[in-house]
file run_4.txt (compact mmCIF, C-alpha atoms and all ligand atoms)
# COMPACT_ATOMS: atom_id res chain seq x y z
CA MET A 1 0.00 0.00 0.00
CA ASN A 2 2.40 2.62 -1.19
CA VAL A 3 -0.10 5.44 -1.12
CA HIS A 4 1.06 9.00 -0.88
CA VAL A 5 -0.99 10.98 1.58
CA ASN A 6 -1.08 14.73 1.38
CA ILE A 7 -1.56 16.44 4.65
CA LYS A 8 -4.28 18.93 5.41
CA ASP A 9 -3.43 21.92 7.55
CA ASP A 10 -6.15 21.77 10.16
CA LEU A 11 -5.70 18.71 12.35
CA GLU A 12 -7.47 19.65 15.54
CA ASN A 13 -9.97 17.02 16.68
CA MET A 14 -9.11 14.71 13.82
CA PRO A 15 -8.95 10.95 14.43
CA LEU A 16 -5.58 9.47 15.36
CA THR A 17 -4.65 8.35 11.87
CA PHE A 18 -1.08 7.48 10.93
CA GLU A 19 -0.65 10.88 9.33
CA ASN A 20 -1.91 12.69 12.42
CA ARG A 21 0.38 10.69 14.65
CA CYS A 22 3.34 11.56 12.42
CA MET A 23 2.52 15.25 12.73
CA ALA A 24 2.05 15.03 16.49
CA LEU A 25 5.40 13.23 16.79
CA VAL A 26 7.22 15.82 14.69
CA GLU A 27 5.83 18.51 16.95
CA GLU A 28 6.41 16.75 20.26
CA LEU A 29 10.02 15.91 19.40
CA GLU A 30 10.54 19.49 18.21
CA ILE A 31 11.67 18.32 14.81
CA GLY A 32 9.33 20.88 13.30
CA CYS A 33 5.71 21.99 13.41
CA ARG A 34 2.75 20.18 11.90
CA ALA A 35 2.65 22.48 8.93
CA ASP A 36 6.18 21.43 8.02
CA VAL A 37 4.93 17.93 7.22
CA GLN A 38 4.50 17.84 3.45
CA GLU A 39 3.86 14.19 2.86
CA VAL A 40 3.67 10.84 4.67
CA ARG A 41 4.46 7.64 2.79
CA PRO A 42 3.88 4.36 4.67
CA LEU A 43 6.70 1.82 4.36
CA THR A 44 5.68 -1.76 3.79
CA GLY A 45 7.27 -5.01 4.82
CA GLY A 46 6.76 -5.01 8.56
CA VAL A 47 3.96 -6.64 10.51
CA ALA A 48 4.45 -5.13 13.94
CA SER A 49 4.35 -1.42 13.38
CA ASP A 50 3.17 1.59 11.49
CA ILE A 51 6.30 2.92 9.88
CA GLY A 52 6.66 5.61 7.27
CA VAL A 53 8.72 8.23 5.55
CA VAL A 54 7.85 11.79 6.47
CA ARG A 55 8.85 14.58 4.12
CA LEU A 56 9.33 17.86 5.92
CA THR A 57 10.12 21.20 4.33
CA ASP A 58 13.84 20.82 4.99
CA ARG A 59 14.48 17.07 5.22
CA VAL A 60 13.08 13.55 5.08
CA ILE A 61 12.83 11.37 8.21
CA CYS A 62 11.50 7.95 9.12
CA VAL A 63 8.99 7.46 11.96
CA LYS A 64 7.83 4.29 13.62
CA PHE A 65 4.93 3.49 15.98
CA ALA A 66 4.34 0.11 17.60
CA LEU A 67 1.07 -1.70 16.83
CA GLY A 68 -0.93 -3.51 19.52
CA LYS A 69 -2.14 -6.18 17.08
CA LEU A 70 0.30 -7.53 14.51
CA LYS A 71 -0.55 -7.73 10.81
CA VAL A 72 -0.36 -11.53 10.48
CA ALA A 73 -3.06 -14.11 9.80
CA ALA A 74 -3.04 -15.53 13.32
CA ASP A 75 -4.26 -13.37 16.23
CA TRP A 76 -1.03 -12.08 17.71
CA ARG A 77 -0.90 -9.16 20.12
CA ALA A 78 2.04 -7.34 21.62
CA PRO A 79 2.58 -4.55 24.15
CA VAL A 80 3.19 -1.13 22.58
CA HIS A 81 5.81 -0.10 25.16
CA ARG A 82 8.28 -2.21 23.13
CA ASN A 83 8.70 0.92 21.01
CA ARG A 84 10.77 2.36 23.86
CA ALA A 85 12.92 -0.79 24.07
CA GLU A 86 13.56 -0.52 20.35
CA TYR A 87 14.67 3.08 20.66
CA GLU A 88 16.95 2.23 23.59
CA TRP A 89 18.48 -0.62 21.58
CA LEU A 90 19.15 1.72 18.63
CA ARG A 91 20.82 4.16 21.02
CA PHE A 92 22.97 1.36 22.40
CA ALA A 93 23.98 0.26 18.86
CA GLN A 94 24.85 3.84 18.05
CA SER A 95 27.15 4.04 21.06
CA VAL A 96 28.93 0.77 20.20
CA ALA A 97 29.00 0.88 16.40
CA PRO A 98 28.29 4.43 15.17
CA ARG A 99 29.18 3.65 11.57
CA ASN A 100 26.58 0.86 11.55
CA SER A 101 23.85 3.09 12.95
CA LEU A 102 21.39 5.72 11.91
CA GLU A 103 20.72 9.07 13.48
CA LEU A 104 18.02 9.21 16.12
CA TYR A 105 15.71 12.19 16.63
CA GLY A 106 13.80 11.25 19.78
CA CYS A 107 11.13 8.98 21.20
CA SER A 108 7.65 9.80 22.51
CA GLU A 109 6.24 7.80 25.41
CA LYS A 110 2.81 9.32 24.83
CA LEU A 111 2.62 8.46 21.12
CA GLN A 112 4.57 5.18 21.42
CA GLY A 113 6.66 6.30 18.50
CA PHE A 114 10.10 7.53 17.56
CA ALA A 115 11.85 9.31 14.72
CA MET A 116 15.08 8.38 12.96
CA GLU A 117 17.12 9.07 9.89
CA TYR A 118 15.60 7.78 6.66
CA LEU A 119 18.18 5.62 4.90
CA ASP A 120 18.02 6.16 1.21
CA GLY A 121 20.31 6.37 -1.77
CA ALA A 122 21.83 4.32 -4.57
CA ASP A 123 24.13 2.47 -2.16
CA VAL A 124 21.34 1.48 0.30
CA PHE A 125 19.63 -1.88 -0.07
CA LEU A 126 17.67 -4.32 2.04
CA TRP A 127 19.64 -7.53 2.58
CA LYS A 128 16.53 -9.67 2.12
CA ALA A 129 15.88 -8.23 -1.34
CA GLN A 130 19.44 -9.05 -2.37
CA LEU A 131 19.18 -12.60 -1.00
CA LEU A 132 15.86 -13.30 -2.72
CA GLU A 133 16.92 -11.73 -6.02
CA GLY A 134 19.33 -14.58 -6.51
CA ALA A 135 22.51 -12.50 -6.44
CA THR A 136 25.67 -14.35 -5.46
CA PRO A 137 26.14 -13.91 -1.72
CA GLN A 138 28.48 -10.96 -1.19
CA GLY A 139 29.80 -11.64 2.30
CA GLY A 140 26.93 -9.84 4.02
CA ALA A 141 26.65 -12.66 6.57
CA ALA A 142 30.14 -12.18 8.00
CA ARG A 143 29.67 -8.40 8.15
CA THR A 144 26.39 -8.80 9.97
CA ALA A 145 27.94 -11.33 12.36
CA ASN A 146 30.79 -8.95 13.13
CA LEU A 147 28.32 -6.28 14.10
CA LEU A 148 26.20 -8.66 16.15
CA GLY A 149 29.25 -10.09 17.93
CA ARG A 150 30.45 -6.61 18.85
CA LEU A 151 27.04 -5.65 20.18
CA HIS A 152 26.62 -8.83 22.21
CA ALA A 153 30.09 -8.53 23.69
CA ALA A 154 29.56 -4.83 24.54
CA SER A 155 26.39 -5.71 26.43
CA THR A 156 28.40 -7.99 28.75
CA ALA A 157 31.06 -5.36 29.48
CA PRO A 158 31.23 -3.64 32.89
CA GLY A 159 29.19 -0.45 32.95
CA PHE A 160 26.56 -1.61 30.47
CA ASP A 161 23.12 -0.38 31.59
CA ALA A 162 20.68 -3.28 31.31
CA ALA A 163 17.83 -1.34 32.94
CA PRO A 164 15.81 -0.62 29.75
CA PHE A 165 16.07 -4.23 28.63
CA HIS A 166 14.36 -6.32 31.28
CA ASN A 167 11.78 -7.34 28.70
CA GLN A 168 11.78 -11.11 29.07
CA GLY A 169 7.97 -11.15 29.31
CA ASP A 170 7.66 -9.30 25.99
CA PHE A 171 10.25 -11.62 24.47
CA ARG A 172 8.20 -14.62 25.54
CA GLN A 173 5.08 -13.10 24.02
CA LEU A 174 6.74 -11.99 20.77
CA ARG A 175 9.24 -14.74 20.19
CA LEU A 176 9.10 -17.81 22.45
CA ASP A 177 5.33 -18.39 22.40
CA PRO A 178 4.66 -17.82 18.68
CA TYR A 179 7.79 -19.56 17.48
CA LEU A 180 8.67 -22.32 19.93
CA SER A 181 5.53 -23.06 21.98
CA TYR A 182 3.12 -22.82 19.03
CA THR A 183 5.44 -25.11 17.02
CA ALA A 184 5.65 -27.53 19.96
CA ASP A 185 1.85 -27.85 19.93
CA LYS A 186 2.00 -28.86 16.26
CA ASN A 187 4.89 -31.34 16.63
CA PRO A 188 4.25 -33.67 19.56
CA ASP A 189 7.42 -35.71 18.84
CA VAL A 190 9.69 -32.77 19.61
CA ALA A 191 7.33 -30.77 21.84
CA GLU A 192 9.26 -31.50 25.02
CA ILE A 193 12.58 -30.41 23.47
CA LEU A 194 11.06 -27.16 22.16
CA ARG A 195 9.36 -26.34 25.46
CA ARG A 196 12.55 -26.95 27.44
CA LEU A 197 14.48 -24.77 25.02
CA ALA A 198 11.90 -21.99 25.40
CA GLU A 199 12.32 -22.16 29.18
CA THR A 200 16.12 -21.98 28.88
CA LEU A 201 15.88 -18.94 26.63
CA PHE A 202 13.31 -17.29 28.89
CA ALA A 203 15.42 -17.74 32.01
CA ALA A 204 18.62 -16.27 30.52
CA SER A 205 19.81 -12.67 30.90
CA ALA A 206 23.55 -12.63 30.10
CA VAL A 207 23.46 -10.70 26.82
CA LEU A 208 21.40 -7.97 25.16
CA VAL A 209 19.43 -9.87 22.53
CA HIS A 210 18.09 -7.97 19.51
CA GLY A 211 15.44 -10.60 18.84
CA ASP A 212 14.81 -10.07 15.12
CA VAL A 213 18.12 -10.32 13.28
CA SER A 214 16.50 -11.05 9.96
CA PRO A 215 17.66 -9.94 6.49
CA LYS A 216 14.43 -7.98 6.21
CA ASN A 217 15.57 -5.86 9.13
CA ILE A 218 19.09 -5.22 7.86
CA LEU A 219 19.78 -2.37 5.50
CA PHE A 220 23.22 -2.20 3.95
CA ARG A 221 24.67 1.22 3.29
CA SER A 222 27.35 0.21 0.83
CA ASP A 223 29.01 -2.68 2.70
CA LEU A 224 28.02 -1.59 6.22
CA PRO A 225 25.07 -3.45 7.73
CA ILE A 226 22.61 -1.38 9.76
CA LEU A 227 20.40 -3.41 12.03
CA LEU A 228 16.84 -2.10 12.51
CA ASP A 229 13.63 -3.24 14.16
CA ALA A 230 14.76 -4.01 17.70
CA GLU A 231 11.33 -4.11 19.32
CA CYS A 232 11.96 -7.54 20.84
CA ALA A 233 15.18 -6.35 22.53
CA THR A 234 15.73 -7.96 25.90
CA MET A 235 18.42 -9.29 28.16
CA GLY A 236 18.51 -12.94 27.24
CA ASP A 237 20.41 -15.83 25.73
CA ALA A 238 23.11 -15.02 23.14
CA SER A 239 22.21 -18.08 21.03
CA PHE A 240 18.93 -16.60 19.85
CA ASP A 241 20.27 -13.85 17.56
CA PRO A 242 22.89 -15.80 15.59
CA ALA A 243 20.52 -18.76 15.28
CA PHE A 244 17.71 -16.48 14.08
CA CYS A 245 19.87 -14.90 11.41
CA MET A 246 21.54 -18.12 10.28
CA ASN A 247 18.09 -19.69 10.03
CA HIS A 248 17.07 -17.10 7.46
CA LEU A 249 20.11 -17.99 5.35
CA VAL A 250 19.35 -21.70 5.72
CA LEU A 251 15.76 -21.12 4.59
CA LYS A 252 17.01 -19.14 1.59
CA ALA A 253 19.29 -22.10 0.78
CA PHE A 254 16.20 -24.32 0.57
CA HIS A 255 14.38 -21.69 -1.43
CA ARG A 256 17.28 -21.34 -3.90
CA PRO A 257 18.53 -24.92 -4.50
CA ARG A 258 21.07 -23.80 -7.09
CA ASP A 259 22.73 -21.58 -4.49
CA HIS A 260 22.31 -24.07 -1.65
CA ALA A 261 26.06 -24.54 -1.11
CA ALA A 262 26.92 -20.84 -1.45
CA LEU A 263 24.25 -19.86 1.07
CA LEU A 264 25.32 -22.53 3.54
CA ALA A 265 28.88 -21.22 3.15
CA GLU A 266 27.50 -17.82 4.21
CA VAL A 267 26.11 -19.48 7.33
CA ALA A 268 29.54 -20.95 8.09
CA ALA A 269 31.11 -17.51 7.55
CA PHE A 270 28.50 -15.98 9.85
CA TRP A 271 29.33 -18.33 12.70
CA ALA A 272 33.09 -18.02 12.22
CA ALA A 273 32.84 -14.22 12.41
CA TYR A 274 30.46 -14.18 15.39
CA ALA A 275 32.36 -16.81 17.39
CA ARG A 276 35.46 -14.58 17.65
CA TYR A 277 33.54 -12.26 19.99
CA ILE A 278 32.33 -14.86 22.51
CA THR A 279 33.99 -14.00 25.81
CA TRP A 280 31.09 -14.17 28.25
CA GLU A 281 30.72 -17.96 28.29
CA ASP A 282 32.35 -21.15 27.02
CA PRO A 283 32.15 -20.80 23.20
CA SER A 284 31.52 -24.51 22.64
CA VAL A 285 28.56 -24.49 25.05
CA LEU A 286 27.06 -21.47 23.29
CA GLU A 287 27.67 -23.10 19.91
CA ALA A 288 25.80 -26.26 20.90
CA ARG A 289 22.87 -24.21 22.18
CA THR A 290 22.89 -22.12 18.99
CA ALA A 291 22.81 -25.27 16.84
CA LEU A 292 19.72 -26.45 18.73
CA VAL A 293 17.97 -23.08 18.57
CA LEU A 294 18.72 -22.99 14.83
CA ALA A 295 16.97 -26.36 14.36
CA ALA A 296 14.02 -25.17 16.46
CA LEU A 297 13.69 -21.96 14.45
CA MET A 298 13.87 -23.86 11.14
CA LEU A 299 10.82 -25.81 12.24
CA ALA A 300 9.19 -22.67 13.62
CA ARG A 301 9.39 -20.89 10.28
CA VAL A 302 7.35 -23.64 8.63
CA ASP A 303 5.04 -24.68 11.47
CA GLY A 304 4.99 -21.67 13.81
CA LYS A 305 2.77 -18.63 13.95
CA SER A 306 4.88 -16.64 11.47
CA PRO A 307 5.87 -18.97 8.60
CA VAL A 308 8.12 -17.53 5.89
CA GLU A 309 6.16 -16.64 2.78
CA TYR A 310 8.61 -17.71 0.07
CA LEU A 311 9.04 -21.48 0.61
CA ASP A 312 6.97 -23.79 -1.58
CA ALA A 313 5.43 -27.03 -0.25
CA VAL A 314 8.42 -29.16 -1.29
CA ALA A 315 10.96 -26.85 0.37
CA ARG A 316 8.79 -26.63 3.50
CA GLU A 317 8.79 -30.41 3.81
CA GLN A 318 12.58 -30.52 3.35
CA VAL A 319 13.09 -27.91 6.05
CA ARG A 320 10.69 -29.72 8.39
CA ALA A 321 12.45 -33.08 7.89
CA CYS A 322 15.93 -31.59 8.48
CA ALA A 323 14.75 -29.67 11.54
CA LEU A 324 13.09 -32.70 13.12
CA ASP A 325 16.25 -34.73 12.55
CA LEU A 326 18.42 -32.01 14.12
CA LEU A 327 16.10 -31.69 17.11
CA THR A 328 15.93 -35.40 17.85
CA THR A 329 19.67 -36.00 17.23
CA PRO A 330 21.25 -32.61 17.98
CA ALA A 331 24.53 -31.44 16.47
CA THR A 332 26.89 -29.61 18.81
CA ARG A 333 28.73 -27.64 16.12
CA VAL A 334 27.24 -25.27 13.57
CA GLY A 335 29.53 -26.88 10.98
CA ASP A 336 27.92 -30.26 11.72
CA VAL A 337 24.45 -28.78 11.20
CA LEU A 338 25.59 -27.56 7.80
CA THR A 339 27.10 -30.93 6.89
CA ARG A 340 23.77 -32.57 7.68
CA LEU A 341 21.86 -29.98 5.66
CA LYS A 342 24.23 -30.62 2.74
CA MET A 343 23.73 -34.38 2.99
CA ASN A 344 20.07 -33.67 2.45
CA GLU A 345 20.85 -31.83 -0.78
CA GLY A 346 20.06 -35.09 -2.56
CA PHE A 347 16.35 -34.47 -2.27
CA GLN A 348 16.45 -30.90 -3.58
N1 LIG B 401 15.27 4.23 8.96
C1 LIG B 401 14.88 3.59 7.86
N2 LIG B 401 15.26 4.02 6.65
C2 LIG B 401 14.86 3.38 5.53
N3 LIG B 401 14.06 2.30 5.51
C3 LIG B 401 13.63 1.81 6.69
C4 LIG B 401 14.02 2.43 7.93
N4 LIG B 401 13.45 1.73 8.93
C5 LIG B 401 12.77 0.75 8.37
N5 LIG B 401 12.86 0.77 7.02
C6 LIG B 401 12.20 -0.15 6.07
O1 LIG B 401 10.90 -0.44 6.54
C7 LIG B 401 10.72 -1.84 6.77
C8 LIG B 401 9.90 -2.05 8.03
O2 LIG B 401 10.58 -1.47 9.14
P1 LIG B 401 10.77 -2.28 10.50
O3 LIG B 401 11.46 -1.39 11.47
O4 LIG B 401 11.43 -3.57 10.19
O5 LIG B 401 9.25 -2.45 10.95
P2 LIG B 401 8.37 -3.72 11.40
O6 LIG B 401 8.52 -3.78 12.89
O7 LIG B 401 7.00 -3.35 10.99
O8 LIG B 401 8.93 -4.93 10.72
C9 LIG B 401 12.15 -2.40 6.87
O9 LIG B 401 12.18 -3.72 6.42
C10 LIG B 401 12.94 -1.48 5.96
O10 LIG B 401 12.84 -1.92 4.62
MG MG B 402 10.87 -5.55 10.39
call {"tool": "encode", "arguments": {"input": "run_4.txt", "output": "structure tokens"}}
result
Amino acid sequence: MNVHVNIKDDLENMPLTFENRCMALVEELEIGCRADVQEVRPLTGGVASDIGVVRLTDRVICVKFALGKLKVAADWRAPVHRNRAEYEWLRFAQSVAPRNSLELYGCSEKLQGFAMEYLDGADVFLWKAQLLEGATPQGGAARTANLLGRLHAASTAPGFDAAPFHNQGDFRQLRLDPYLSYTADKNPDVAEILRRLAETLFAASAVLVHGDVSPKNILFRSDLPILLDAECATMGDASFDPAFCMNHLVLKAFHRPRDHAALLAEVAAFWAAYARYITWEDPSVLEARTALVLAALMLARVDGKSPVEYLDAVAREQVRACALDLLTTPATRVGDVLTRLKMNEGFQ
């Protein structure tokens, strides 16, 4: 719905439409006055927010508001205060990796929204679009893993302020229930494993987890990845983020059989890059947990509440079979997971 909405001048007593909220946000954050808002263009792709590009008289910005009910087929609700957690996560990323960050213009508690730089230009692209287009993988996985590793490690350093990120309840609601518990209900053979894993992830708090490290939330500005959409951010278990991202690459490997090997090589590169940053726990223990979470998420993206849209029935069955095998006979190394996924190449 890429409609362009022109703004009327008189907004008093108008319903709280997206456009009105954008104007109220611009005013509250003292970015400008309502009359400066020339145009609002909703951005598509997300399911959890109202997000759009706002053209002001002197610049273009991006604004985002959290939605209480997500735009997916299943009934899936989420607390709107996660907008604040997202803003705090973006601020944290900016402090750790300024070159991999966008400018932030403020957050409104009242409107549950925030404003940020709009990333645009010939050198800006969404990683997901590149991966689905069929382009040869360009090393984006290792670059993303380097960023993620730095962020995770920084969140375990002395002086890190975890106060805004005690969001384990939101994480359960947004991630563990719809992905792992819902999938457990549909797969009785591995239900116990998935439920135990969900409990482990829920109980953890060692690292600041982003919670949605997906190619659709990563914009590259030239070769620098910029991670967006941190509304699930919480103190939690480090395994979740690398497993979540590697899972997307694994699913793309099933979606693009001709590039199966190249995409699995990207997964290997991802883990190799990320693993160099693990200082907060025994790397082999974290790797084994990551391998299991990866298998769980593979199954979750075919049988959970938010299945990926691009896999056909054959690929879905392949992913399901591999995931069930990896859950019942777990691999302890990411490399072993990949070897087993490659062995299954025969039925591509
Ligand atoms: N600051 C930004 N600049 C340019 N594009 C953006 C920006 N933020 C988000 N987008 C685009 O909008 C899409 C949806 O934003 P996202 O924050 O992921 O929202 P949702 O929570 O709805 O998924 C992203 O996939 C990306 O393509
Ligand atoms: Mg998103």
call {"tool": "residues_near_ligand", "arguments": {"input": "run_4.txt", "ligand": "ligand LIG 401 (chain B)", "cutoff": "9 Å", "atoms": "only C-alpha atoms and all ligand atoms", "output": "PyMOL selection string"}}
result
chain A and resi 42-53+61-67+70-71+102-103+115-120+124-126+128+212+215-219+228-231
call {"tool": "closest_residue", "arguments": {"input": "run_4.txt", "among": "A:Val334, A:Phe114, A:Ile226, A:Leu208", "to": "A:Ala157", "atoms": "only C-alpha atoms"}}
result
A:Leu208
call {"tool": "atom_distance", "arguments": {"input": "run_4.txt", "atom1": "atom CA of A:Glu281", "atom2": "atom CA of A:Leu197"}}
result
17.9 Å
call {"tool": "closest_residue", "arguments": {"input": "run_4.txt", "among": "A:Pro164, A:Arg21, A:Lys252, A:Lys110", "to": "A:Gln130", "atoms": "only C-alpha atoms"}}
result
A:Lys252
call {"tool": "residues_around", "arguments": {"input": "run_4.txt", "residues": "A:Ser108", "least_positions_apart": "5", "cutoff": "8 Å", "atoms": "only C-alpha atoms", "output": "PyMOL selection string"}}
result
chain A and resi 25+28-29+113-114
call {"tool": "write_last_selection", "arguments": {"input": "run_4.txt", "atoms": "C-alpha atoms", "output": "JSON list (two decimals), keeping the file's coordinate frame"}}
result
[["chain", "number", "residue", "atom", "x", "y", "z"],
["A", 25, "LEU", "CA", 5.40, 13.23, 16.79],
["A", 28, "GLU", "CA", 6.41, 16.75, 20.26],
["A", 29, "LEU", "CA", 10.02, 15.91, 19.40],
["A", 113, "GLY", "CA", 6.66, 6.30, 18.50],
["A", 114, "PHE", "CA", 10.10, 7.53, 17.56]]
call {"tool": "residues_around", "arguments": {"input": "run_4.txt", "residues": "A:Arg320", "least_positions_apart": "5", "cutoff": "12 Å", "atoms": "only C-alpha atoms", "output": "PDB file with C-alpha atoms, in the frame of the given file"}}
result
ATOM      1  CA  THR A 183       5.440 -25.110  17.020  1.00  0.00           C
ATOM      2  CA  LYS A 186       2.000 -28.860  16.260  1.00  0.00           C
ATOM      3  CA  ASN A 187       4.890 -31.340  16.630  1.00  0.00           C
ATOM      4  CA  VAL A 190       9.690 -32.770  19.610  1.00  0.00           C
ATOM      5  CA  LEU A 251      15.760 -21.120   4.590  1.00  0.00           C
ATOM      6  CA  PHE A 254      16.200 -24.320   0.570  1.00  0.00           C
ATOM      7  CA  ALA A 295      16.970 -26.360  14.360  1.00  0.00           C
ATOM      8  CA  ALA A 296      14.020 -25.170  16.460  1.00  0.00           C
ATOM      9  CA  LEU A 297      13.690 -21.960  14.450  1.00  0.00           C
ATOM     10  CA  MET A 298      13.870 -23.860  11.140  1.00  0.00           C
ATOM     11  CA  LEU A 299      10.820 -25.810  12.240  1.00  0.00           C
ATOM     12  CA  ALA A 300       9.190 -22.670  13.620  1.00  0.00           C
ATOM     13  CA  ARG A 301       9.390 -20.890  10.280  1.00  0.00           C
ATOM     14  CA  VAL A 302       7.350 -23.640   8.630  1.00  0.00           C
ATOM     15  CA  ASP A 303       5.040 -24.680  11.470  1.00  0.00           C
ATOM     16  CA  GLY A 304       4.990 -21.670  13.810  1.00  0.00           C
ATOM     17  CA  PRO A 307       5.870 -18.970   8.600  1.00  0.00           C
ATOM     18  CA  LEU A 311       9.040 -21.480   0.610  1.00  0.00           C
ATOM     19  CA  ALA A 313       5.430 -27.030  -0.250  1.00  0.00           C
ATOM     20  CA  VAL A 314       8.420 -29.160  -1.290  1.00  0.00           C
ATOM     21  CA  ALA A 315      10.960 -26.850   0.370  1.00  0.00           C
ATOM     22  CA  ASP A 325      16.250 -34.730  12.550  1.00  0.00           C
ATOM     23  CA  LEU A 326      18.420 -32.010  14.120  1.00  0.00           C
ATOM     24  CA  LEU A 327      16.100 -31.690  17.110  1.00  0.00           C
ATOM     25  CA  LEU A 341      21.860 -29.980   5.660  1.00  0.00           C
ATOM     26  CA  ASN A 344      20.070 -33.670   2.450  1.00  0.00           C
TER      27      ASN A 344
END
call {"tool": "closest_residue", "arguments": {"input": "run_4.txt", "among": "A:Leu294, A:Leu174, A:His255, A:Thr328", "to": "A:Pro188", "atoms": "all atoms listed in the file"}}
result
A:Thr328
call {"tool": "build_atoms", "arguments": {"input": "run_4.txt", "residues": "stretch 145-161 of chain A", "atoms": "N, CA and C atoms", "output": "PDB file, keeping the file's coordinate frame"}}
result
ATOM      1  N   ALA A 145      27.494 -10.602  11.163  1.00  0.00           N
ATOM      2  CA  ALA A 145      27.940 -11.330  12.360  1.00  0.00           C
ATOM      3  C   ALA A 145      28.965 -10.527  13.149  1.00  0.00           C
ATOM      4  N   ASN A 146      29.821  -9.808  12.440  1.00  0.00           N
ATOM      5  CA  ASN A 146      30.790  -8.950  13.130  1.00  0.00           C
ATOM      6  C   ASN A 146      30.087  -7.893  13.952  1.00  0.00           C
ATOM      7  N   LEU A 147      29.077  -7.298  13.369  1.00  0.00           N
ATOM      8  CA  LEU A 147      28.320  -6.280  14.100  1.00  0.00           C
ATOM      9  C   LEU A 147      27.615  -6.900  15.301  1.00  0.00           C
ATOM     10  N   LEU A 148      26.940  -8.016  15.065  1.00  0.00           N
ATOM     11  CA  LEU A 148      26.200  -8.660  16.150  1.00  0.00           C
ATOM     12  C   LEU A 148      27.143  -9.089  17.280  1.00  0.00           C
ATOM     13  N   GLY A 149      28.288  -9.668  16.918  1.00  0.00           N
ATOM     14  CA  GLY A 149      29.250 -10.090  17.930  1.00  0.00           C
ATOM     15  C   GLY A 149      29.730  -8.922  18.779  1.00  0.00           C
ATOM     16  N   ARG A 150      30.011  -7.808  18.115  1.00  0.00           N
ATOM     17  CA  ARG A 150      30.450  -6.610  18.850  1.00  0.00           C
ATOM     18  C   ARG A 150      29.369  -6.137  19.811  1.00  0.00           C
ATOM     19  N   LEU A 151      28.142  -6.132  19.337  1.00  0.00           N
ATOM     20  CA  LEU A 151      27.040  -5.650  20.180  1.00  0.00           C
ATOM     21  C   LEU A 151      26.815  -6.582  21.370  1.00  0.00           C
ATOM     22  N   HIS A 152      26.809  -7.878  21.104  1.00  0.00           N
ATOM     23  CA  HIS A 152      26.620  -8.830  22.210  1.00  0.00           C
ATOM     24  C   HIS A 152      27.731  -8.664  23.245  1.00  0.00           C
ATOM     25  N   ALA A 153      28.964  -8.626  22.756  1.00  0.00           N
ATOM     26  CA  ALA A 153      30.090  -8.530  23.690  1.00  0.00           C
ATOM     27  C   ALA A 153      30.000  -7.232  24.503  1.00  0.00           C
ATOM     28  N   ALA A 154      29.649  -6.124  23.834  1.00  0.00           N
ATOM     29  CA  ALA A 154      29.560  -4.830  24.540  1.00  0.00           C
ATOM     30  C   ALA A 154      28.507  -4.871  25.638  1.00  0.00           C
ATOM     31  N   SER A 155      27.465  -5.656  25.426  1.00  0.00           N
ATOM     32  CA  SER A 155      26.390  -5.710  26.430  1.00  0.00           C
ATOM     33  C   SER A 155      26.790  -6.548  27.647  1.00  0.00           C
ATOM     34  N   THR A 156      27.924  -7.231  27.568  1.00  0.00           N
ATOM     35  CA  THR A 156      28.400  -7.990  28.750  1.00  0.00           C
ATOM     36  C   THR A 156      29.543  -7.249  29.438  1.00  0.00           C
ATOM     37  N   ALA A 157      29.925  -6.099  28.905  1.00  0.00           N
ATOM     38  CA  ALA A 157      31.060  -5.360  29.480  1.00  0.00           C
ATOM     39  C   ALA A 157      30.625  -4.614  30.747  1.00  0.00           C
ATOM     40  N   PRO A 158      31.568  -4.395  31.669  1.00  0.00           N
ATOM     41  CA  PRO A 158      31.230  -3.640  32.890  1.00  0.00           C
ATOM     42  C   PRO A 158      30.709  -2.247  32.503  1.00  0.00           C
ATOM     43  N   GLY A 159      29.716  -1.793  33.211  1.00  0.00           N
ATOM     44  CA  GLY A 159      29.190  -0.450  32.950  1.00  0.00           C
ATOM     45  C   GLY A 159      27.996  -0.450  32.003  1.00  0.00           C
ATOM     46  N   PHE A 160      27.729  -1.569  31.361  1.00  0.00           N
ATOM     47  CA  PHE A 160      26.560  -1.610  30.470  1.00  0.00           C
ATOM     48  C   PHE A 160      25.276  -1.470  31.306  1.00  0.00           C
ATOM     49  N   ASP A 161      24.369  -0.608  30.854  1.00  0.00           N
ATOM     50  CA  ASP A 161      23.120  -0.380  31.590  1.00  0.00           C
ATOM     51  C   ASP A 161      22.004  -1.268  31.032  1.00  0.00           C
TER      52      ASP A 161
END
